[in-house]
file target30.cif (mmCIF, C-alpha atoms)
data_protein
loop_
_atom_site.label_atom_id
_atom_site.label_comp_id
_atom_site.auth_asym_id
_atom_site.auth_seq_id
_atom_site.Cartn_x
_atom_site.Cartn_y
_atom_site.Cartn_z
CA MET A 1 22.73 1.42 30.63
CA LEU A 2 20.74 4.62 30.96
CA ALA A 3 21.01 6.91 27.95
CA THR A 4 22.41 9.90 29.85
CA ALA A 5 24.84 12.26 28.13
CA GLU A 6 27.77 11.03 30.29
CA ASN A 7 26.99 7.37 29.62
CA ILE A 8 26.73 7.96 25.86
CA LYS A 9 30.02 9.88 25.88
CA SER A 10 31.81 7.13 27.80
CA LEU A 11 30.30 4.46 25.53
CA HIS A 12 31.49 6.42 22.50
CA ASP A 13 35.01 6.77 23.94
CA THR A 14 35.30 3.10 24.92
CA VAL A 15 34.13 1.74 21.58
CA LEU A 16 36.21 4.25 19.64
CA ALA A 17 39.35 3.31 21.61
CA ARG A 18 38.74 -0.41 21.00
CA LEU A 19 38.06 0.10 17.29
CA GLN A 20 41.07 2.35 16.75
CA GLU A 21 43.31 -0.04 18.61
CA LYS A 22 42.12 -2.88 16.40
CA PHE A 23 41.62 -1.17 13.02
CA GLY A 24 43.60 2.11 13.23
CA GLU A 25 43.12 3.99 9.95
CA GLY A 26 40.02 1.93 9.13
CA ILE A 27 37.98 4.12 11.46
CA LEU A 28 37.50 7.39 9.59
CA ALA A 29 35.45 9.46 12.02
CA SER A 30 33.06 9.30 14.91
CA GLN A 31 30.39 11.52 16.40
CA ILE A 32 27.46 11.55 18.81
CA GLU A 33 24.02 12.34 17.49
CA TYR A 34 21.29 12.52 20.12
CA ASP A 35 21.85 9.34 22.15
CA PHE A 36 23.72 7.40 19.47
CA PRO A 37 27.48 7.11 19.05
CA ILE A 38 28.21 6.87 15.32
CA PHE A 39 31.37 5.43 13.78
CA ILE A 40 32.28 5.90 10.15
CA VAL A 41 34.29 3.01 8.81
CA LYS A 42 36.19 2.39 5.57
CA ARG A 43 34.37 0.04 3.25
CA GLU A 44 37.37 -2.31 3.13
CA ASN A 45 37.07 -2.83 6.89
CA ILE A 46 33.33 -2.91 7.31
CA HIS A 47 32.94 -6.68 7.47
CA GLU A 48 35.82 -7.09 9.92
CA VAL A 49 34.52 -4.26 12.11
CA LEU A 50 31.03 -5.74 12.28
CA LYS A 51 32.45 -9.19 12.98
CA PHE A 52 34.63 -7.80 15.74
CA LEU A 53 31.79 -5.86 17.33
CA LYS A 54 29.60 -8.94 17.24
CA GLU A 55 32.09 -11.51 18.46
CA ASP A 56 34.40 -9.67 20.84
CA ALA A 57 33.38 -10.53 24.41
CA ALA A 58 33.83 -6.96 25.67
CA MET A 59 31.80 -5.47 22.79
CA ASN A 60 29.11 -8.13 22.32
CA TYR A 61 26.95 -6.22 19.81
CA HIS A 62 25.20 -9.42 18.90
CA PHE A 63 21.98 -7.99 17.49
CA LEU A 64 21.50 -6.13 14.22
CA THR A 65 18.51 -3.87 14.89
CA SER A 66 18.28 -2.11 11.58
CA MET A 67 20.01 -1.22 8.37
CA CYS A 68 19.39 1.51 5.85
CA GLY A 69 20.82 2.94 2.68
CA LEU A 70 22.10 6.50 2.44
CA HIS A 71 22.35 8.79 -0.56
CA TYR A 72 24.12 12.16 -0.48
CA PRO A 73 24.45 13.06 -4.18
CA GLU A 74 26.43 16.26 -3.51
CA ASP A 75 29.07 14.41 -1.48
CA LYS A 76 31.29 13.48 -4.43
CA GLY A 77 33.21 10.23 -4.21
CA ARG A 78 31.08 8.96 -1.31
CA GLU A 79 27.58 9.43 -2.60
CA PHE A 80 26.18 6.20 -1.23
CA GLY A 81 26.33 4.62 2.17
CA VAL A 82 24.96 1.96 4.44
CA MET A 83 24.07 2.37 8.11
CA TYR A 84 24.05 -0.50 10.58
CA GLN A 85 22.41 -0.13 13.96
CA LEU A 86 23.76 -2.59 16.52
CA HIS A 87 22.44 -3.52 19.92
CA ASN A 88 24.16 -5.10 22.91
CA MET A 89 21.10 -6.43 24.67
CA PRO A 90 22.55 -7.65 28.00
CA GLU A 91 24.00 -4.19 28.71
CA ASN A 92 21.48 -2.24 26.60
CA LYS A 93 24.10 -0.40 24.57
CA ARG A 94 23.41 0.76 21.08
CA ILE A 95 25.72 2.11 18.38
CA ARG A 96 25.62 2.94 14.69
CA ILE A 97 28.17 2.06 12.06
CA LYS A 98 28.25 3.86 8.72
CA THR A 99 30.24 3.28 5.61
CA PHE A 100 30.35 5.27 2.37
CA PHE A 101 31.33 4.48 -1.20
CA PRO A 102 31.21 6.17 -4.64
CA GLU A 103 28.29 5.95 -7.07
CA ASN A 104 30.31 4.24 -9.81
CA ASN A 105 31.33 1.45 -7.43
CA CYS A 106 28.15 1.03 -5.47
CA GLU A 107 28.80 -2.15 -3.56
CA VAL A 108 29.52 -3.32 -0.04
CA PRO A 109 30.20 -6.75 1.50
CA THR A 110 27.10 -8.52 2.76
CA ALA A 111 26.33 -8.84 6.47
CA THR A 112 24.22 -11.95 5.96
CA THR A 113 27.16 -14.13 7.02
CA LEU A 114 27.03 -12.46 10.44
CA TRP A 115 23.30 -11.90 10.85
CA PRO A 116 20.73 -13.81 8.76
CA THR A 117 18.33 -10.94 9.46
CA ALA A 118 20.43 -8.76 7.16
CA ASN A 119 19.11 -10.76 4.21
CA TRP A 120 15.81 -8.92 3.72
CA MET A 121 17.21 -5.59 4.87
CA GLU A 122 19.93 -5.77 2.23
CA ARG A 123 17.37 -6.74 -0.37
CA GLN A 124 15.44 -3.61 0.60
CA GLU A 125 18.56 -1.44 0.23
CA TYR A 126 19.15 -3.00 -3.16
CA ASP A 127 15.51 -2.41 -4.08
CA PHE A 128 15.44 1.27 -3.12
CA PHE A 129 19.04 2.44 -3.62
CA GLY A 130 20.59 -0.07 -6.00
CA ILE A 131 23.36 -0.91 -3.55
CA ASN A 132 25.01 -4.17 -4.53
CA PHE A 133 25.75 -6.38 -1.53
CA LYS A 134 28.60 -8.68 -2.49
CA GLY A 135 28.04 -12.23 -1.34
CA HIS A 136 24.31 -11.84 -0.68
CA PRO A 137 22.62 -15.23 -1.32
CA ASP A 138 19.53 -13.88 -3.09
CA LEU A 139 19.81 -10.23 -4.08
CA ARG A 140 16.54 -9.27 -5.80
CA ARG A 141 13.78 -6.73 -5.26
CA ILE A 142 11.62 -7.23 -2.19
CA LEU A 143 9.01 -4.45 -1.90
CA ASN A 144 8.69 -2.76 -5.28
CA MET A 145 7.31 -4.36 -8.40
CA ASP A 146 9.73 -6.72 -10.10
CA ASP A 147 9.50 -4.84 -13.39
CA ILE A 148 10.35 -1.41 -11.98
CA THR A 149 13.33 -0.02 -13.88
CA PHE A 150 14.82 2.39 -11.36
CA PHE A 151 15.81 2.70 -7.71
CA PRO A 152 13.14 5.02 -6.30
CA MET A 153 14.91 6.33 -3.18
CA ARG A 154 17.84 7.71 -5.15
CA LYS A 155 17.59 11.46 -5.10
CA GLU A 156 17.63 11.90 -8.87
CA PHE A 157 14.21 10.27 -9.19
CA PRO A 158 11.18 12.43 -8.48
CA LEU A 159 8.93 11.26 -5.68
CA GLU A 160 5.74 12.00 -7.63
CA ASP A 161 4.24 9.51 -9.99
CA PRO A 162 5.51 10.46 -13.46
CA THR A 163 2.48 9.02 -15.25
CA ARG A 164 0.07 11.50 -13.77
CA ASP A 165 -0.92 14.32 -16.12
CA ASP A 166 -3.75 16.05 -14.27
CA LYS A 167 -1.38 17.92 -12.00
CA ASN A 168 0.47 20.66 -13.82
CA ASP A 169 2.59 23.64 -12.88
CA ALA A 170 -0.29 26.08 -13.13
CA MET A 171 -2.36 24.25 -10.56
CA PHE A 172 0.04 22.63 -8.16
CA GLY A 173 3.32 24.44 -8.63
CA ARG A 174 5.16 21.47 -10.02
CA MET B 1 -64.77 -3.59 22.16
CA ALA B 2 -63.46 -1.84 19.10
CA ILE B 3 -61.39 -3.84 16.64
CA GLU B 4 -57.99 -2.25 16.12
CA GLU B 5 -56.79 -1.57 12.65
CA PRO B 6 -53.83 -3.82 11.79
CA LYS B 7 -50.63 -1.83 12.09
CA ARG B 8 -49.01 -1.13 8.75
CA SER B 9 -45.39 -0.28 8.26
CA LYS B 10 -44.77 3.08 6.69
CA LEU B 11 -41.55 1.76 5.19
CA ASP B 12 -41.47 1.86 1.43
CA ILE B 13 -39.68 -1.39 0.62
CA SER B 14 -39.35 -0.99 -3.10
CA HIS B 15 -41.19 0.73 -5.88
CA SER B 16 -42.63 -1.52 -8.53
CA PRO B 17 -41.51 -0.62 -12.02
CA ALA B 18 -43.82 0.96 -14.53
CA GLY B 19 -46.27 -1.56 -15.96
CA ILE B 20 -49.89 -2.47 -16.46
CA GLU B 21 -51.72 -3.23 -13.28
CA GLY B 22 -55.14 -4.71 -12.74
CA PRO B 23 -56.97 -6.77 -10.17
CA GLY B 24 -54.78 -9.81 -9.52
CA PHE B 25 -52.12 -9.18 -12.14
CA PHE B 26 -49.21 -6.94 -12.95
CA ALA B 27 -47.40 -6.90 -16.26
CA THR B 28 -44.08 -5.29 -17.03
CA SER B 29 -41.07 -5.98 -19.23
CA LEU B 30 -38.61 -8.72 -18.27
CA GLU B 31 -35.81 -6.17 -18.22
CA LYS B 32 -37.54 -4.14 -15.53
CA ALA B 33 -38.39 -7.17 -13.41
CA VAL B 34 -34.78 -8.38 -13.63
CA GLY B 35 -33.53 -4.89 -12.82
CA LEU B 36 -35.75 -4.76 -9.76
CA ALA B 37 -34.49 -8.13 -8.54
CA ARG B 38 -30.83 -7.37 -9.17
CA LYS B 39 -31.01 -3.94 -7.64
CA ASN B 40 -32.17 -5.28 -4.30
CA SER B 41 -29.82 -8.24 -4.05
CA ILE B 42 -26.37 -6.87 -4.87
CA TRP B 43 -23.59 -8.98 -3.40
CA PRO B 44 -20.60 -6.74 -2.82
CA LEU B 45 -17.00 -7.91 -2.74
CA PRO B 46 -15.15 -5.62 -0.32
CA PHE B 47 -11.60 -5.00 -1.54
CA ALA B 48 -10.58 -2.97 1.50
CA THR B 49 -6.94 -1.98 1.83
CA SER B 50 -6.98 0.92 4.29
CA CYS B 51 -9.02 3.44 6.29
CA CYS B 52 -11.92 3.50 3.80
CA GLY B 53 -12.37 -0.15 4.74
CA ILE B 54 -12.98 0.92 8.34
CA GLU B 55 -15.71 3.31 7.22
CA PHE B 56 -17.16 0.48 5.18
CA MET B 57 -17.26 -1.69 8.31
CA ALA B 58 -19.29 1.05 9.98
CA THR B 59 -21.55 1.10 6.93
CA MET B 60 -22.10 -2.65 7.27
CA ALA B 61 -22.78 -2.47 11.00
CA SER B 62 -26.17 -1.92 12.58
CA ASN B 63 -26.09 1.89 12.75
CA TYR B 64 -26.01 2.40 9.00
CA ASP B 65 -26.90 -1.16 8.02
CA LEU B 66 -26.15 -1.80 4.38
CA GLY B 67 -28.51 -4.78 4.75
CA ARG B 68 -31.41 -2.38 4.24
CA PHE B 69 -30.33 -2.14 0.61
CA GLY B 70 -30.22 -5.88 0.07
CA SER B 71 -26.44 -6.00 0.34
CA GLU B 72 -25.91 -7.55 3.74
CA ARG B 73 -24.44 -10.65 2.19
CA LEU B 74 -20.82 -9.86 1.35
CA SER B 75 -19.17 -12.16 -1.09
CA PHE B 76 -15.53 -12.95 -0.48
CA SER B 77 -15.35 -14.94 -3.66
CA PRO B 78 -15.23 -12.78 -6.78
CA ARG B 79 -17.10 -15.45 -8.74
CA GLN B 80 -20.27 -14.87 -6.75
CA ALA B 81 -19.99 -11.10 -6.42
CA ASP B 82 -21.94 -8.48 -8.36
CA LEU B 83 -20.21 -5.37 -7.10
CA LEU B 84 -16.51 -4.82 -6.54
CA MET B 85 -16.02 -2.20 -3.83
CA VAL B 86 -12.46 -0.90 -3.94
CA MET B 87 -11.75 0.94 -0.72
CA GLY B 88 -8.32 2.30 -0.03
CA THR B 89 -4.89 2.90 -1.52
CA ILE B 90 -3.96 0.51 -4.29
CA ALA B 91 -0.21 0.15 -4.67
CA LYS B 92 1.09 -0.51 -8.17
CA LYS B 93 2.16 -3.94 -7.03
CA MET B 94 -1.46 -4.61 -6.00
CA GLY B 95 -2.76 -3.52 -9.43
CA PRO B 96 -2.50 -6.91 -11.17
CA VAL B 97 -4.20 -8.57 -8.18
CA LEU B 98 -7.12 -6.15 -8.36
CA LYS B 99 -7.41 -6.69 -12.09
CA GLN B 100 -7.42 -10.44 -11.62
CA VAL B 101 -10.17 -10.19 -9.01
CA TYR B 102 -12.21 -8.09 -11.44
CA GLU B 103 -11.65 -10.56 -14.26
CA GLN B 104 -12.84 -13.42 -12.06
CA MET B 105 -16.18 -11.75 -11.45
CA ALA B 106 -19.07 -12.92 -13.60
CA GLU B 107 -21.04 -10.49 -15.77
CA PRO B 108 -22.92 -8.38 -15.03
CA ARG B 109 -20.49 -6.74 -12.65
CA TRP B 110 -20.16 -3.25 -11.28
CA VAL B 111 -17.31 -1.39 -9.65
CA LEU B 112 -17.47 1.21 -6.93
CA SER B 113 -14.37 3.23 -6.14
CA MET B 114 -14.47 4.56 -2.60
CA GLY B 115 -12.36 7.46 -1.39
CA ALA B 116 -9.66 9.68 -2.85
CA CYS B 117 -6.95 6.98 -2.99
CA ALA B 118 -8.87 4.43 -5.01
CA SER B 119 -10.29 7.13 -7.27
CA SER B 120 -7.15 9.16 -7.95
CA GLY B 121 -4.25 8.07 -5.78
CA GLY B 122 -5.27 10.71 -3.26
CA ILE B 123 -2.48 12.22 -1.23
CA PHE B 124 -0.19 9.38 -2.32
CA ASP B 125 1.14 11.02 -5.46
CA THR B 126 4.16 8.78 -5.44
CA TYR B 127 6.02 6.25 -7.56
CA SER B 128 4.58 3.24 -5.80
CA VAL B 129 0.86 4.05 -5.78
CA LEU B 130 -1.61 3.52 -8.59
CA GLN B 131 -3.06 6.93 -9.49
CA GLY B 132 -6.67 5.77 -9.62
CA ILE B 133 -8.03 2.28 -10.19
CA ASP B 134 -9.70 3.41 -13.41
CA ARG B 135 -6.28 3.01 -14.98
CA ILE B 136 -6.69 -0.76 -14.81
CA ILE B 137 -10.42 -1.52 -14.45
CA PRO B 138 -13.58 0.35 -15.46
CA VAL B 139 -15.35 2.13 -12.62
CA ASP B 140 -19.10 2.83 -12.37
CA VAL B 141 -19.35 5.06 -9.31
CA TYR B 142 -16.76 7.14 -7.48
CA ILE B 143 -17.28 8.19 -3.86
CA PRO B 144 -15.26 11.29 -2.93
CA GLY B 145 -13.86 11.80 0.57
CA CYS B 146 -10.84 10.91 2.65
CA PRO B 147 -12.32 8.73 3.98
CA PRO B 148 -15.99 9.18 3.01
CA ARG B 149 -18.59 8.95 5.75
CA PRO B 150 -20.92 5.95 5.82
CA GLU B 151 -23.73 8.16 4.50
CA GLN B 152 -21.65 8.79 1.41
CA VAL B 153 -21.05 5.07 0.99
CA LEU B 154 -24.80 4.50 1.20
CA ASP B 155 -25.30 7.20 -1.41
CA GLY B 156 -22.73 5.48 -3.62
CA ILE B 157 -24.53 2.17 -3.20
CA MET B 158 -27.80 3.84 -4.14
CA GLN B 159 -26.16 5.25 -7.27
CA ILE B 160 -25.03 1.73 -8.11
CA GLN B 161 -28.58 0.50 -7.48
CA ARG B 162 -29.86 3.09 -9.93
CA LEU B 163 -27.42 1.84 -12.56
CA VAL B 164 -28.29 -1.79 -11.86
CA GLU B 165 -32.00 -1.12 -12.02
CA THR B 166 -31.93 0.71 -15.32
CA GLU B 167 -29.21 -1.17 -17.12
CA SER B 168 -30.29 -2.75 -20.36
CA LEU B 169 -29.96 -6.53 -20.41
CA ARG B 170 -28.10 -6.21 -23.69
CA ARG B 171 -25.64 -3.55 -22.56
CA ARG B 172 -22.85 -6.04 -21.95
CA ASP B 173 -23.17 -7.29 -25.53
CA SER B 174 -22.94 -3.82 -27.03
CA ASP B 175 -20.01 -2.75 -29.18
CA GLU B 176 -19.45 0.22 -26.90
CA TYR B 177 -19.01 -2.03 -23.88
CA LYS B 178 -16.74 -4.40 -25.77
CA ALA B 179 -14.63 -1.49 -26.99
CA MET B 180 -14.25 -0.29 -23.39
CA MET B 181 -13.16 -3.73 -22.23
CA THR B 182 -10.67 -3.93 -25.08
CA LYS B 183 -9.30 -0.56 -24.00
CA TYR B 184 -8.59 -2.09 -20.58
CA GLY B 185 -6.98 -5.09 -22.23
CA MET B 186 -9.68 -7.58 -21.29
CA GLU B 187 -11.39 -10.10 -23.60
#

call {"tool": "encode", "arguments": {"input": "target30.cif", "output": "structure tokens"}}
result
Amino acid sequence: MLATAENIKSLHDTVLARLQEKFGEGILASQIEYDFPIFIVKRENIHEVLKFLKEDAAMNYHFLTSMCGLHYPEDKGREFGVMYQLHNMPENKRIRIKTFFPENNCEVPTATTLWPTANWMERQEYDFFGINFKGHPDLRRILNMDDITFFPMRKEFPLEDPTRDDKNDAMFGR
Amino acid sequence: MAIEEPKRSKLDISHSPAGIEGPGFFATSLEKAVGLARKNSIWPLPFATSCCGIEFMATMASNYDLGRFGSERLSFSPRQADLLMVMGTIAKKMGPVLKQVYEQMAEPRWVLSMGACASSGGIFDTYSVLQGIDRIIPVDVYIPGCPPRPEQVLDGIMQIQRLVETESLRRRDSDEYKAMMTKYGME
């Protein structure tokens, strides 16, 4: 499939119709950003939606390209999220699935049962955002040091190294 | 037919240290003789993690030729190396590895920190990057630059040579040196 505006629109409409038919209220919203249809799904449905998209013959999104954590601290009640990028290779169709959840209940079902490749990606999301993937076989840090005490990609943590004292407000506008 | 004068190289290989010279003999202190030998046979261990390592490769290659300084033999085992050359960004996770490599080197050992990242963290003022290797191991010479040119690396090596040449044989036994090592949590 060529990524023309019409093709993306029709892909978005087809997938949205299928998902709404199957999950109804579980699909919260959808949009098109650049050449990606995006579907926002309730956390309770996320595993079923992914399973459906992977296994349904008409959908056939059999490949998990990428995952990433999301943090919008000002969006109360849905501060954290996870994005899944799926690929239907035979037809070259790509979509994104997002789900959001509150900070005090920062967990989401694992996708490792569907795609083994989700294992390390979920460990990375845990490492950087502290998202707890329920059912993950080995949820521990993967890139940062084991003894790090915080989740560095959360917005409340400063990017700069806190141990550095040679840069002060007078010189570098900190 | 005139006999040609034998051609002499104008290259100055190495200065002899100060001493007493006469016909057929030369006397100097052991320290100076050892310094002269060490200075011209430094085995560097390249700990190259990023673009400074590329500049170091240029320094080793024929154009700049670190071999002219007696350092053409790189040592990839810390136990045989005299000089640890840290070139590139050191992530905090890499810190313990670097420290272990340093601890495995035999005395006397020297450390050269090449480039902004190794010396201060450079542009990577971030939670995951060590803000200068001197936080975990003592450093003898810093080379500024991002990355430094091979000429600067050569200058850094020559600074190291100067230290090696003039270092007292007893320096590593001194209280000052031991106090510094204790500060870094070694020995």

call {"tool": "residues_around", "arguments": {"input": "target30.cif", "residues": "Ala116 of chain B", "least_positions_apart": "4", "cutoff": "12 Å", "atoms": "only C-alpha atoms", "output": "short mmCIF file (atom, residue, chain, number, x, y, z; two decimals) with C-alpha atoms, in the coordinates of the input"}}
result
data_model
loop_
_atom_site.label_atom_id
_atom_site.label_comp_id
_atom_site.auth_asym_id
_atom_site.auth_seq_id
_atom_site.Cartn_x
_atom_site.Cartn_y
_atom_site.Cartn_z
CA SER B 50 -6.98 0.92 4.29
CA CYS B 51 -9.02 3.44 6.29
CA CYS B 52 -11.92 3.50 3.80
CA VAL B 86 -12.46 -0.90 -3.94
CA MET B 87 -11.75 0.94 -0.72
CA GLY B 88 -8.32 2.30 -0.03
CA THR B 89 -4.89 2.90 -1.52
CA ILE B 90 -3.96 0.51 -4.29
CA SER B 120 -7.15 9.16 -7.95
CA GLY B 121 -4.25 8.07 -5.78
CA GLY B 122 -5.27 10.71 -3.26
CA ILE B 123 -2.48 12.22 -1.23
CA PHE B 124 -0.19 9.38 -2.32
CA ASP B 125 1.14 11.02 -5.46
CA LEU B 130 -1.61 3.52 -8.59
CA GLN B 131 -3.06 6.93 -9.49
CA GLY B 132 -6.67 5.77 -9.62
CA ILE B 133 -8.03 2.28 -10.19
CA TYR B 142 -16.76 7.14 -7.48
CA ILE B 143 -17.28 8.19 -3.86
CA PRO B 144 -15.26 11.29 -2.93
CA GLY B 145 -13.86 11.80 0.57
CA CYS B 146 -10.84 10.91 2.65
CA PRO B 147 -12.32 8.73 3.98
CA PRO B 148 -15.99 9.18 3.01
#

call {"tool": "resolve_selection", "arguments": {"input": "target30.cif", "expression": "the PyMOL selection byres ((chain A and resi 47) around 9)", "output": "short mmCIF file (atom, residue, chain, number, x, y, z; two decimals) with C-alpha atoms, in the coordinates of the input"}}
result
data_model
loop_
_atom_site.label_atom_id
_atom_site.label_comp_id
_atom_site.auth_asym_id
_atom_site.auth_seq_id
_atom_site.Cartn_x
_atom_site.Cartn_y
_atom_site.Cartn_z
CA ARG A 43 34.37 0.04 3.25
CA GLU A 44 37.37 -2.31 3.13
CA ASN A 45 37.07 -2.83 6.89
CA ILE A 46 33.33 -2.91 7.31
CA GLU A 48 35.82 -7.09 9.92
CA VAL A 49 34.52 -4.26 12.11
CA LEU A 50 31.03 -5.74 12.28
CA LYS A 51 32.45 -9.19 12.98
CA PHE A 52 34.63 -7.80 15.74
CA VAL A 108 29.52 -3.32 -0.04
CA PRO A 109 30.20 -6.75 1.50
CA THR A 110 27.10 -8.52 2.76
CA ALA A 111 26.33 -8.84 6.47
CA LEU A 114 27.03 -12.46 10.44
#

call {"tool": "resolve_selection", "arguments": {"input": "target30.cif", "expression": "the PyMOL selection byres ((chain B) within 8 of (chain A))", "output": "PyMOL selection string"}}
result
chain B and resi 92-93+125-129+131

call {"tool": "resolve_selection", "arguments": {"input": "target30.cif", "expression": "the PyMOL selection byres ((chain B and resi 181) around 12)", "output": "PyMOL selection string"}}
result
chain B and resi 102-103+134+136-139+172-180+182-187

call {"tool": "residues_near_point", "arguments": {"input": "target30.cif", "point": "(34.2, 0.7, 15.8)", "cutoff": "9 Å", "atoms": "only C-alpha atoms", "output": "PDB file with C-alpha atoms, in the frame of the given file"}}
result
ATOM      1  CA  VAL A  15      34.130   1.740  21.580  1.00  0.00           C
ATOM      2  CA  LEU A  16      36.210   4.250  19.640  1.00  0.00           C
ATOM      3  CA  ALA A  17      39.350   3.310  21.610  1.00  0.00           C
ATOM      4  CA  ARG A  18      38.740  -0.410  21.000  1.00  0.00           C
ATOM      5  CA  LEU A  19      38.060   0.100  17.290  1.00  0.00           C
ATOM      6  CA  GLN A  20      41.070   2.350  16.750  1.00  0.00           C
ATOM      7  CA  LYS A  22      42.120  -2.880  16.400  1.00  0.00           C
ATOM      8  CA  PHE A  23      41.620  -1.170  13.020  1.00  0.00           C
ATOM      9  CA  GLY A  26      40.020   1.930   9.130  1.00  0.00           C
ATOM     10  CA  ILE A  27      37.980   4.120  11.460  1.00  0.00           C
ATOM     11  CA  SER A  30      33.060   9.300  14.910  1.00  0.00           C
ATOM     12  CA  ILE A  38      28.210   6.870  15.320  1.00  0.00           C
ATOM     13  CA  PHE A  39      31.370   5.430  13.780  1.00  0.00           C
ATOM     14  CA  ILE A  40      32.280   5.900  10.150  1.00  0.00           C
ATOM     15  CA  VAL A  41      34.290   3.010   8.810  1.00  0.00           C
ATOM     16  CA  VAL A  49      34.520  -4.260  12.110  1.00  0.00           C
ATOM     17  CA  LEU A  50      31.030  -5.740  12.280  1.00  0.00           C
ATOM     18  CA  PHE A  52      34.630  -7.800  15.740  1.00  0.00           C
ATOM     19  CA  LEU A  53      31.790  -5.860  17.330  1.00  0.00           C
ATOM     20  CA  ILE A  95      25.720   2.110  18.380  1.00  0.00           C
ATOM     21  CA  ARG A  96      25.620   2.940  14.690  1.00  0.00           C
ATOM     22  CA  ILE A  97      28.170   2.060  12.060  1.00  0.00           C
TER      23      ILE A  97
END

call {"tool": "atom_distance", "arguments": {"input": "target30.cif", "atom1": "atom CA of Met85 of chain B", "atom2": "atom CA of Ser113 of chain B"}}
result
6.1 Å

call {"tool": "residues_around", "arguments": {"input": "target30.cif", "residues": "Asp138 of chain A", "least_positions_apart": "2", "cutoff": "12 Å", "atoms": "only C-alpha atoms", "output": "ChimeraX atom specification"}}
result
/A:110,112,116,118-124,126,132-136,140-142

call {"tool": "residues_near_point", "arguments": {"input": "target30.cif", "point": "(28.6, 4.2, 5.6)", "cutoff": "6 Å", "atoms": "all atoms listed in the file", "output": "ChimeraX atom specification"}}
result
/A:81-83,98-100

call {"tool": "atom_distance", "arguments": {"input": "target30.cif", "atom1": "atom CA of Asp75 of chain A", "atom2": "atom CA of Phe36 of chain A"}}
result
22.7 Å

call {"tool": "closest_residue", "arguments": {"input": "target30.cif", "among": "B:Glu72, B:Glu165, B:Glu55, B:Glu21", "to": "Gly115 of chain B", "atoms": "all atoms listed in the file"}}
result
B:Glu55

call {"tool": "atom_distance", "arguments": {"input": "target30.cif", "atom1": "atom CA of Arg73 of chain B", "atom2": "atom CA of Ile42 of chain B"}}
result
8.2 Å

call {"tool": "closest_residue", "arguments": {"input": "target30.cif", "among": "B:Phe26, B:Phe47, B:Phe56, B:Trp110", "to": "Ser75 of chain B", "atoms": "all atoms listed in the file"}}
result
B:Phe47

call {"tool": "closest_residue", "arguments": {"input": "target30.cif", "among": "B:Arg170, B:Val111, B:Ala81, B:Thr49", "to": "Val141 of chain B", "atoms": "all atoms listed in the file"}}
result
B:Val111

call {"tool": "closest_residue", "arguments": {"input": "target30.cif", "among": "A:Arg94, A:Arg78, A:His87, A:His12", "to": "Glu107 of chain A", "atoms": "all atoms listed in the file"}}
result
A:Arg78

call {"tool": "closest_residue", "arguments": {"input": "target30.cif", "among": "B:Pro17, B:Gly156, B:Pro96, B:Gly53", "to": "Val34 of chain B", "atoms": "only C-alpha atoms"}}
result
B:Pro17

call {"tool": "axis_aligned_box", "arguments": {"input": "target30.cif", "around": "segment 40-53 of chain A", "padding_each_side": "3 Å", "output": "JSON"}}
result
{"center_x": 34.2, "center_y": -1.6, "center_z": 10.2, "size_x": 12.3, "size_y": 21.1, "size_z": 20.2}
